[in-house]
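One file, protein-v7.txt, carrying compact mmCIF, C-alpha atoms and all ligand atoms:
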# COMPACT_ATOMS: atom_id res chain seq x y z
CA THR H 1 220.21 64.94 -56.43
CA ALA H 2 222.07 67.87 -57.96
CA HIS H 3 225.42 66.72 -56.60
CA GLY H 4 224.90 63.07 -57.47
CA VAL H 5 225.12 61.51 -54.01
CA GLU H 6 222.04 60.30 -52.16
CA PHE H 7 222.02 61.23 -48.46
CA SER H 8 219.49 59.31 -46.38
CA GLN H 9 217.62 61.60 -44.00
CA GLN H 10 216.97 60.92 -40.36
CA LEU H 11 215.68 64.24 -39.09
CA SER H 12 215.81 65.22 -35.43
CA GLU H 13 212.70 64.57 -33.37
CA THR H 14 213.83 67.18 -30.86
CA PRO H 15 215.06 70.18 -32.87
CA LYS H 16 215.63 73.41 -30.95
CA SER H 17 212.52 75.54 -30.71
CA ALA H 18 212.19 78.72 -32.76
CA GLU H 19 212.68 80.70 -29.51
CA GLU H 20 215.89 78.85 -28.57
CA ARG H 21 217.24 79.31 -32.07
CA ALA H 22 216.36 83.01 -32.09
CA ALA H 23 218.19 83.46 -28.76
CA VAL H 24 221.33 81.87 -30.23
CA LEU H 25 221.11 83.86 -33.47
CA ALA H 26 220.74 87.11 -31.53
CA ASN H 27 224.31 86.70 -30.29
CA PRO H 28 226.02 83.72 -31.89
CA GLY H 29 229.63 84.37 -30.81
CA PHE H 30 231.92 81.67 -32.19
CA GLY H 31 231.84 77.92 -31.76
CA ASP H 32 229.45 77.62 -28.84
CA TYR H 33 226.21 76.53 -30.52
CA PHE H 34 225.40 73.84 -33.03
CA THR H 35 222.50 73.17 -35.34
CA ASP H 36 220.05 70.27 -35.15
CA HIS H 37 221.73 67.96 -37.66
CA THR H 38 225.02 66.57 -38.88
CA ALA H 39 226.11 65.03 -42.19
CA VAL H 40 228.04 61.74 -42.08
CA VAL H 41 229.75 59.50 -44.63
CA ASP H 42 231.67 56.37 -43.60
CA TYR H 43 234.66 54.76 -45.25
CA LYS H 44 235.75 51.13 -44.98
CA VAL H 45 238.41 48.98 -46.57
CA ASP H 46 236.97 45.54 -47.40
CA ALA H 47 238.66 42.10 -47.16
CA ASP H 48 240.08 42.54 -50.67
CA GLY H 49 241.70 45.79 -49.68
CA ASN H 50 239.32 48.03 -51.60
CA GLY H 51 238.19 51.17 -49.84
CA GLY H 52 234.89 52.88 -50.42
CA TRP H 53 232.70 55.67 -49.07
CA GLN H 54 229.24 54.54 -47.96
CA ASN H 55 226.14 55.29 -45.95
CA ALA H 56 225.95 59.02 -46.69
CA ARG H 57 223.35 60.41 -44.31
CA ILE H 58 221.89 63.32 -42.43
CA GLU H 59 221.23 62.48 -38.80
CA PRO H 60 220.38 64.38 -35.62
CA TYR H 61 223.30 66.27 -34.05
CA GLY H 62 224.60 64.36 -31.05
CA PRO H 63 227.44 62.44 -29.40
CA ILE H 64 229.51 60.03 -31.52
CA SER H 65 230.00 56.48 -30.31
CA LEU H 66 233.63 55.42 -30.81
CA ASP H 67 235.59 52.39 -29.67
CA PRO H 68 238.09 53.53 -27.00
CA SER H 69 240.87 52.16 -29.21
CA ALA H 70 239.80 54.22 -32.23
CA ALA H 71 242.97 55.44 -33.92
CA VAL H 72 241.97 59.10 -33.84
CA LEU H 73 241.95 59.02 -30.04
CA HIS H 74 245.55 57.78 -29.87
CA TYR H 75 247.46 58.99 -32.89
CA GLY H 76 245.45 62.02 -33.91
CA GLN H 77 244.71 60.84 -37.43
CA GLU H 78 242.31 63.70 -38.12
CA ILE H 79 241.82 66.57 -40.57
CA PHE H 80 239.27 69.35 -40.82
CA GLU H 81 238.02 72.26 -42.88
CA GLY H 82 236.22 75.53 -42.26
CA LEU H 83 233.83 77.36 -44.58
CA LYS H 84 230.67 79.37 -44.20
CA ALA H 85 227.10 79.66 -45.48
CA TYR H 86 225.87 83.24 -45.94
CA ARG H 87 222.32 84.54 -46.05
CA HIS H 88 221.70 87.08 -48.81
CA ALA H 89 219.19 89.92 -48.59
CA ASP H 90 216.57 87.94 -50.54
CA GLY H 91 216.80 85.11 -48.00
CA SER H 92 218.76 82.74 -50.25
CA VAL H 93 221.75 80.90 -48.76
CA TRP H 94 225.13 80.59 -50.45
CA THR H 95 228.55 79.19 -49.69
CA PHE H 96 231.94 80.46 -50.78
CA ARG H 97 234.48 78.46 -52.80
CA PRO H 98 233.53 75.04 -51.40
CA GLU H 99 235.53 73.35 -54.17
CA ALA H 100 238.67 74.93 -52.70
CA ASN H 101 237.90 73.43 -49.31
CA ALA H 102 237.13 70.04 -50.87
CA ALA H 103 240.50 70.14 -52.64
CA ARG H 104 242.37 71.20 -49.52
CA LEU H 105 240.69 68.48 -47.47
CA ASN H 106 242.06 65.94 -49.91
CA LYS H 107 245.51 67.48 -49.78
CA SER H 108 245.39 67.19 -46.00
CA ALA H 109 244.03 63.64 -46.36
CA ARG H 110 247.06 62.59 -48.41
CA ARG H 111 249.45 64.00 -45.79
CA LEU H 112 247.63 62.28 -42.91
CA ALA H 113 247.24 58.98 -44.80
CA LEU H 114 243.47 59.31 -44.79
CA PRO H 115 241.32 58.39 -47.81
CA GLU H 116 240.45 61.16 -50.24
CA LEU H 117 236.79 62.13 -50.33
CA PRO H 118 235.27 62.58 -53.80
CA GLU H 119 234.21 66.21 -54.23
CA GLU H 120 230.53 65.29 -54.75
CA TYR H 121 230.40 63.83 -51.23
CA PHE H 122 231.93 66.99 -49.76
CA LEU H 123 229.59 69.31 -51.65
CA GLY H 124 226.63 67.02 -51.04
CA ALA H 125 227.23 66.92 -47.29
CA ILE H 126 227.43 70.73 -47.14
CA ARG H 127 224.30 71.17 -49.21
CA GLU H 128 222.20 68.56 -47.41
CA LEU H 129 223.20 69.79 -43.96
CA VAL H 130 222.49 73.42 -44.76
CA GLN H 131 219.16 72.43 -46.36
CA ALA H 132 218.18 70.62 -43.16
CA ASP H 133 219.30 73.51 -40.93
CA LYS H 134 218.64 76.53 -43.16
CA GLU H 135 216.85 78.43 -40.38
CA TRP H 136 220.15 78.52 -38.50
CA VAL H 137 221.92 80.73 -41.06
CA PRO H 138 222.23 84.18 -39.43
CA SER H 139 221.81 87.39 -41.38
CA GLY H 140 223.57 89.99 -39.20
CA ASP H 141 226.56 92.00 -40.35
CA GLY H 142 229.64 89.75 -40.49
CA GLU H 143 227.59 86.73 -39.38
CA ALA H 144 227.28 83.39 -41.13
CA LEU H 145 226.75 79.70 -40.48
CA TYR H 146 230.23 78.26 -39.90
CA LEU H 147 230.57 74.80 -41.41
CA ARG H 148 233.10 72.40 -39.96
CA PRO H 149 233.81 69.32 -42.09
CA PHE H 150 236.19 66.84 -40.48
CA MET H 151 237.53 63.35 -41.05
CA ILE H 152 238.54 60.95 -38.27
CA ALA H 153 240.14 57.51 -38.09
CA THR H 154 237.49 55.39 -36.35
CA GLU H 155 239.11 51.95 -36.68
CA ALA H 156 239.57 50.12 -33.37
CA PHE H 157 243.26 49.23 -33.60
CA LEU H 158 246.35 50.32 -31.68
CA GLY H 159 249.01 49.49 -34.25
CA VAL H 160 250.53 52.56 -35.81
CA ARG H 161 249.31 52.48 -39.39
CA ALA H 162 246.70 54.24 -41.49
CA ALA H 163 243.21 53.31 -40.32
CA ARG H 164 240.94 51.22 -42.54
CA GLU H 165 237.78 52.68 -41.10
CA VAL H 166 237.20 56.39 -41.27
CA SER H 167 234.32 58.77 -40.87
CA PHE H 168 233.71 62.12 -42.59
CA ARG H 169 231.34 64.49 -40.85
CA VAL H 170 230.09 68.04 -41.11
CA ILE H 171 228.70 70.08 -38.23
CA ALA H 172 227.41 73.65 -38.38
CA SER H 173 227.61 76.52 -35.91
CA PRO H 174 226.14 80.03 -36.21
CA ALA H 175 229.02 82.49 -36.00
CA GLY H 176 229.62 86.19 -35.40
CA ASN H 177 232.99 87.82 -34.71
CA TYR H 178 235.60 85.15 -33.86
CA PHE H 179 237.11 87.47 -31.25
CA GLY H 180 233.75 88.40 -29.75
CA GLY H 181 231.98 91.75 -29.61
CA GLU H 182 232.60 94.48 -32.14
CA LEU H 183 235.38 94.30 -34.71
CA LYS H 184 238.48 96.07 -33.41
CA PRO H 185 242.23 95.69 -33.84
CA VAL H 186 243.66 92.73 -31.93
CA SER H 187 247.00 92.32 -30.19
CA ILE H 188 249.34 89.51 -31.10
CA TRP H 189 251.94 87.72 -28.97
CA ILE H 190 255.26 86.67 -30.51
CA SER H 191 255.99 82.99 -29.82
CA ARG H 192 259.72 82.85 -29.20
CA GLU H 193 259.90 79.36 -27.77
CA TYR H 194 257.33 77.39 -29.72
CA ALA H 195 257.12 76.75 -33.44
CA ARG H 196 253.98 75.72 -35.24
CA ALA H 197 255.51 73.50 -37.89
CA GLY H 198 258.81 72.32 -39.31
CA ARG H 199 260.13 71.36 -42.73
CA GLY H 200 258.52 68.15 -43.90
CA GLY H 201 255.96 68.27 -41.12
CA THR H 202 252.23 68.80 -41.29
CA GLY H 203 252.19 72.61 -41.31
CA ALA H 204 250.44 72.89 -44.68
CA ALA H 205 247.81 70.31 -43.72
CA LYS H 206 244.70 71.30 -41.81
CA CYS H 207 245.00 68.67 -39.09
CA GLY H 208 243.99 68.83 -35.46
CA GLY H 209 247.55 68.16 -34.31
CA ASN H 210 248.77 71.50 -35.65
CA TYR H 211 246.21 73.28 -33.51
CA ALA H 212 246.90 71.09 -30.46
CA ALA H 213 250.56 72.08 -30.76
CA SER H 214 249.60 75.75 -30.90
CA LEU H 215 247.60 75.80 -27.67
CA ILE H 216 250.45 76.27 -25.22
CA ALA H 217 251.65 79.26 -27.22
CA GLN H 218 248.09 80.58 -27.41
CA GLN H 219 247.82 80.25 -23.62
CA GLU H 220 251.04 82.24 -23.26
CA ALA H 221 249.53 84.89 -25.56
CA GLU H 222 246.34 85.12 -23.52
CA ALA H 223 248.25 85.23 -20.24
CA ASN H 224 249.94 88.31 -21.69
CA GLY H 225 246.72 89.98 -22.74
CA CYS H 226 246.91 89.06 -26.44
CA LYS H 227 244.23 87.55 -28.66
CA GLN H 228 246.40 85.41 -30.93
CA VAL H 229 249.92 84.10 -31.17
CA LEU H 230 252.37 84.71 -34.01
CA PHE H 231 254.50 81.78 -35.13
CA LEU H 232 257.90 82.43 -36.69
CA ASP H 233 260.34 80.20 -38.52
CA HIS H 234 263.15 80.34 -35.95
CA PHE H 235 265.54 78.59 -38.35
CA ASN H 236 264.91 81.03 -41.19
CA ASP H 237 265.64 84.55 -39.84
CA ASP H 238 262.41 84.56 -37.84
CA ALA H 239 260.35 84.62 -41.01
CA VAL H 240 256.67 85.33 -40.28
CA GLU H 241 254.57 82.19 -40.71
CA GLU H 242 251.02 82.63 -39.43
CA LEU H 243 248.93 83.14 -36.33
CA GLY H 244 247.42 80.35 -34.25
CA GLY H 245 244.42 80.13 -36.57
CA MET H 246 244.83 82.65 -39.38
CA ASN H 247 247.16 84.01 -42.08
CA VAL H 248 248.81 87.47 -42.03
CA PHE H 249 248.97 90.34 -44.56
CA PHE H 250 250.93 93.59 -44.56
CA VAL H 251 249.84 96.79 -46.30
CA MET H 252 252.83 98.78 -47.53
CA LYS H 253 253.19 102.54 -47.86
CA ASP H 254 252.81 102.35 -51.65
CA GLY H 255 249.46 100.57 -51.26
CA SER H 256 250.74 97.13 -52.21
CA LEU H 257 250.22 94.03 -50.08
CA VAL H 258 252.72 91.47 -48.84
CA THR H 259 251.95 88.07 -47.34
CA PRO H 260 254.30 85.24 -46.38
CA ALA H 261 254.91 82.88 -49.31
CA LEU H 262 253.59 79.33 -48.98
CA SER H 263 256.61 77.50 -47.68
CA GLY H 264 255.13 74.10 -46.95
CA THR H 265 254.81 75.04 -43.29
CA ILE H 266 251.98 77.57 -43.71
CA LEU H 267 248.28 76.81 -43.97
CA GLU H 268 247.08 77.51 -47.49
CA GLY H 269 244.12 79.62 -46.49
CA VAL H 270 241.14 79.91 -48.83
CA THR H 271 240.59 83.39 -47.40
CA ARG H 272 244.30 84.16 -47.94
CA MET H 273 244.00 83.14 -51.60
CA SER H 274 240.77 85.14 -51.97
CA VAL H 275 242.27 88.27 -50.38
CA ILE H 276 245.14 88.08 -52.87
CA GLN H 277 242.66 87.99 -55.76
CA VAL H 278 240.33 90.66 -54.36
CA ALA H 279 243.26 93.02 -53.71
CA LYS H 280 244.51 92.50 -57.26
CA ASP H 281 241.00 93.17 -58.58
CA MET H 282 241.08 96.42 -56.61
CA GLY H 283 244.23 97.36 -58.52
CA ARG H 284 246.74 96.54 -55.83
CA GLU H 285 249.98 94.70 -56.23
CA VAL H 286 250.30 91.62 -54.02
CA THR H 287 253.59 89.91 -53.30
CA GLU H 288 253.97 86.50 -51.69
CA ARG H 289 257.45 86.42 -50.22
CA LYS H 290 259.49 85.90 -47.09
CA ILE H 291 258.93 88.65 -44.55
CA THR H 292 260.81 88.59 -41.26
CA LEU H 293 260.05 89.86 -37.79
CA ASP H 294 262.84 92.43 -38.28
CA GLU H 295 261.12 93.76 -41.39
CA TRP H 296 257.81 93.98 -39.52
CA ARG H 297 259.41 95.93 -36.65
CA ASP H 298 261.45 98.22 -38.90
CA GLY H 299 258.60 98.68 -41.36
CA VAL H 300 256.17 99.85 -38.71
CA ALA H 301 258.82 102.17 -37.20
CA SER H 302 259.73 103.73 -40.56
CA GLY H 303 256.19 103.91 -41.92
CA GLU H 304 257.01 101.48 -44.74
CA ILE H 305 254.30 99.16 -43.34
CA THR H 306 251.07 101.05 -42.73
CA GLU H 307 248.64 98.26 -41.76
CA VAL H 308 248.74 94.61 -40.72
CA PHE H 309 245.79 92.27 -40.72
CA ALA H 310 244.89 88.65 -40.07
CA CYS H 311 242.56 86.64 -42.28
CA GLY H 312 240.79 83.31 -42.18
CA THR H 313 237.34 81.85 -42.63
CA ALA H 314 236.62 82.22 -38.92
CA ALA H 315 238.47 85.54 -38.51
CA VAL H 316 237.28 87.01 -41.85
CA ILE H 317 239.67 89.99 -41.92
CA THR H 318 240.73 91.33 -38.55
CA PRO H 319 243.09 94.30 -38.10
CA ILE H 320 246.20 93.77 -35.98
CA GLY H 321 246.99 96.68 -33.66
CA VAL H 322 249.90 95.47 -31.57
CA LEU H 323 252.65 92.85 -31.84
CA LYS H 324 254.57 92.21 -28.65
CA ASP H 325 256.48 89.92 -26.33
CA ALA H 326 258.31 90.42 -23.02
CA THR H 327 260.84 92.78 -24.60
CA GLU H 328 259.18 94.17 -27.71
CA PHE H 329 256.19 96.36 -28.41
CA ILE H 330 255.35 97.09 -32.06
CA GLY H 331 252.32 99.18 -33.03
CA SER H 332 249.93 101.04 -30.81
CA GLU H 333 247.37 100.06 -28.17
CA ASP H 334 244.82 102.53 -29.56
CA ALA H 335 245.40 101.69 -33.23
CA LYS H 336 242.36 102.12 -35.46
CA ALA H 337 241.35 99.65 -38.13
CA GLY H 338 243.30 100.57 -41.29
CA GLU H 339 241.51 101.91 -44.36
CA THR H 340 242.90 99.36 -46.77
CA THR H 341 242.20 96.50 -44.36
CA MET H 342 238.58 97.60 -44.05
CA ALA H 343 238.17 98.19 -47.79
CA ILE H 344 239.33 94.66 -48.55
CA ARG H 345 237.14 93.30 -45.76
CA GLU H 346 234.08 95.10 -47.18
CA GLN H 347 234.82 93.87 -50.69
CA LEU H 348 235.29 90.23 -49.64
CA LEU H 349 232.28 90.20 -47.30
CA GLY H 350 230.28 91.96 -50.02
CA ILE H 351 230.98 89.15 -52.47
CA GLN H 352 230.16 86.54 -49.84
CA THR H 353 226.91 88.19 -48.79
CA GLY H 354 225.74 89.12 -52.29
CA THR H 355 226.10 92.90 -52.22
CA VAL H 356 229.17 92.95 -54.50
CA GLU H 357 229.23 91.18 -57.86
CA ASP H 358 230.79 87.71 -57.78
CA THR H 359 232.96 88.04 -60.88
CA HIS H 360 234.98 84.88 -60.17
CA GLY H 361 232.04 82.48 -59.72
CA TRP H 362 233.02 81.87 -56.10
CA LEU H 363 229.50 81.44 -54.75
CA THR H 364 227.43 78.26 -54.77
CA ARG H 365 223.75 78.37 -53.92
CA LEU H 366 222.74 75.88 -51.25
C1 LIG O 1 239.02 78.81 -39.86
O1 LIG O 1 239.30 79.98 -40.03
O2 LIG O 1 238.06 78.27 -40.42
C2 LIG O 1 239.84 77.99 -39.01
O3 LIG O 1 239.84 76.81 -39.18
C3 LIG O 1 240.63 78.67 -37.97
C4 LIG O 1 240.37 78.24 -36.57
C5 LIG O 1 238.99 78.52 -36.07
C6 LIG O 1 240.86 76.88 -36.29
Using structure tokens, write down the structure that the file contains.
Ligand code: COI
Amino acid sequence: TAHGVEFSQQLSETPKSAEERAAVLANPGFGDYFTDHTAVVDYKVDADGNGGWQNARIEPYGPISLDPSAAVLHYGQEIFEGLKAYRHADGSVWTFRPEANAARLNKSARRLALPELPEEYFLGAIRELVQADKEWVPSGDGEALYLRPFMIATEAFLGVRAAREVSFRVIASPAGNYFGGELKPVSIWISREYARAGRGGTGAAKCGGNYAASLIAQQEAEANGCKQVLFLDHFNDDAVEELGGMNVFFVMKDGSLVTPALSGTILEGVTRMSVIQVAKDMGREVTERKITLDEWRDGVASGEITEVFACGTAAVITPIGVLKDATEFIGSEDAKAGETTMAIREQLLGIQTGTVEDTHGWLTRL
């Protein structure tokens, strides 16, 4: 095969009917529906201590059988990725910077003491799964097939050490707007009590534990009518880190962009990195630096900051209208999506969906 890894194929005998699939694709939402297949590759360490990836396969989507003592269920030895497959106007299907996700998966793997996955397995799993489930790739505005690669420690063993049996999987889910409905500015809740990550921790890794730790803060946000939570570095002048599941950008009065610098506690978003490049291509200056909550508040008040937006694979680019907590209210409830935010969104989505030239070679045909 093109990517050099053979995936055995066990296709589903009970795929969803064309009608069921059409009903899902008419209104995919986010994360509720899954395609007919999954890609799997297993990893084992043998008696001589040599680890290897094996049994690459496509199989029907369905429950996973795990020993109740599997390490992932106890110690959370797990990492994941997120990327998308886009349908172009001619019907062809493409993915965006999968090599970047493969590289980040391996960075996360090193931090979580999981085995690295050779890139050809990652790319092969994506390609084979999308080939099997191509009909599931939506074509509506801002829609795509969300791909969720993940790696779990499957070894049945309760000692606290890196597992010797691991599984890498990819599932796929048709996706529209992460926040549901039409795109509009979202409100953000300031997490005063909870932090997302600390120095030396797992903040830069894409591991389930980071998101588990964010849920209580996300609940607090939702209880206060907000869509996402903002995490700050409480030990560093309340420097802005990121939202529960996305990075943050500021548009300044002079047209330049600012985003928090990668500090080791921030997720190194592929969309973040792509927004930086796209904005530069559009002639804008982009600065990665420390930006504090005080600067956000003062900047909005003085007009120094004109727009704020969130970005991520799931979120694409979503304008932020309001930032608040029990005592603060920054922004405006009836804020409109900013012009620069939308221009960058159109440019990035245009590259991904084939209507804007891909000058960086970011697209891979599936
Ligand atoms: C993504 O944007 O792909 C994410 O992983 C964020 C969230 C859905 C966990």
>> For ligand LIG 1 (chain O), return the neighbouring residues as a ChimeraX atom specification (distance at most 10 Å; all atoms listed in the file).
In response: /H:30-31,80-84,146-148,178,206-208,210-211,243-247,267,269-271,311-316
> Which neighbours of Leu323 in chain H fall inside 6 Å, counting all atoms listed in the file, when residues of the same chain fewer than 6 positions from it are skipped, and could you give them as a list in words?
Replying inline: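 In the requested form, the answer reads Ser187, Ile188, Trp189 and Ile330 of chain H.
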>> Report, in Å with one decimal, the straight-line distance from CA of Arg365 in chain H to CA of Ser274 in chain H.
In response: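 A separation of 18.4 Å between them.
Rounded to one decimal, CA of Tyr61 in chain H and CA of Phe96 in chain H lie 23.6 Å from each other.
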> Any idea what the distance is between CA of Lys107 in chain H and CA of Lys280 in chain H?
Replying inline: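 Computing it gives 26.1 Å between the two atoms.
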>> Using all atoms listed in the file, can you tell me which of H:Asp325, H:Glu307, H:Glu143, H:Glu295 comes closest to Gly225 in chain H?
In response: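 For Gly225 in chain H, the nearest of the given residues is H:Asp325.
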>> Show me the residues around (223.4, 68.7, -33.1) - criterion: an atom at most 8 Å away, all atoms listed in the file counted - as a ChimeraX atom specification.
In response: /H:34-38,60-62,171
>> Measuring between only C-alpha atoms, which one of H:His88, H:Phe150, H:Gly142, H:Glu268 shows the shortest distance to Asn177 in chain H?
In response: H:Gly142
Hey, could you pull the box centre and edge lengths for range 194-209 of chain H, axis-aligned, 4 Å padding per side, all listed atoms, to one decimal in Å, as AutoDock Vina command-line options?
--center_x 252.1 --center_y 72.8 --center_z -37.2 --size_x 24.1 --size_y 17.2 --size_z 23.0
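Residues within 7 Å of Ala163 in chain H, counting only C-alpha atoms and excluding same-chain residues fewer than 2 positions away, are Ala71, Ala153, Glu155, Arg161, Glu165 and Val166 of chain H.
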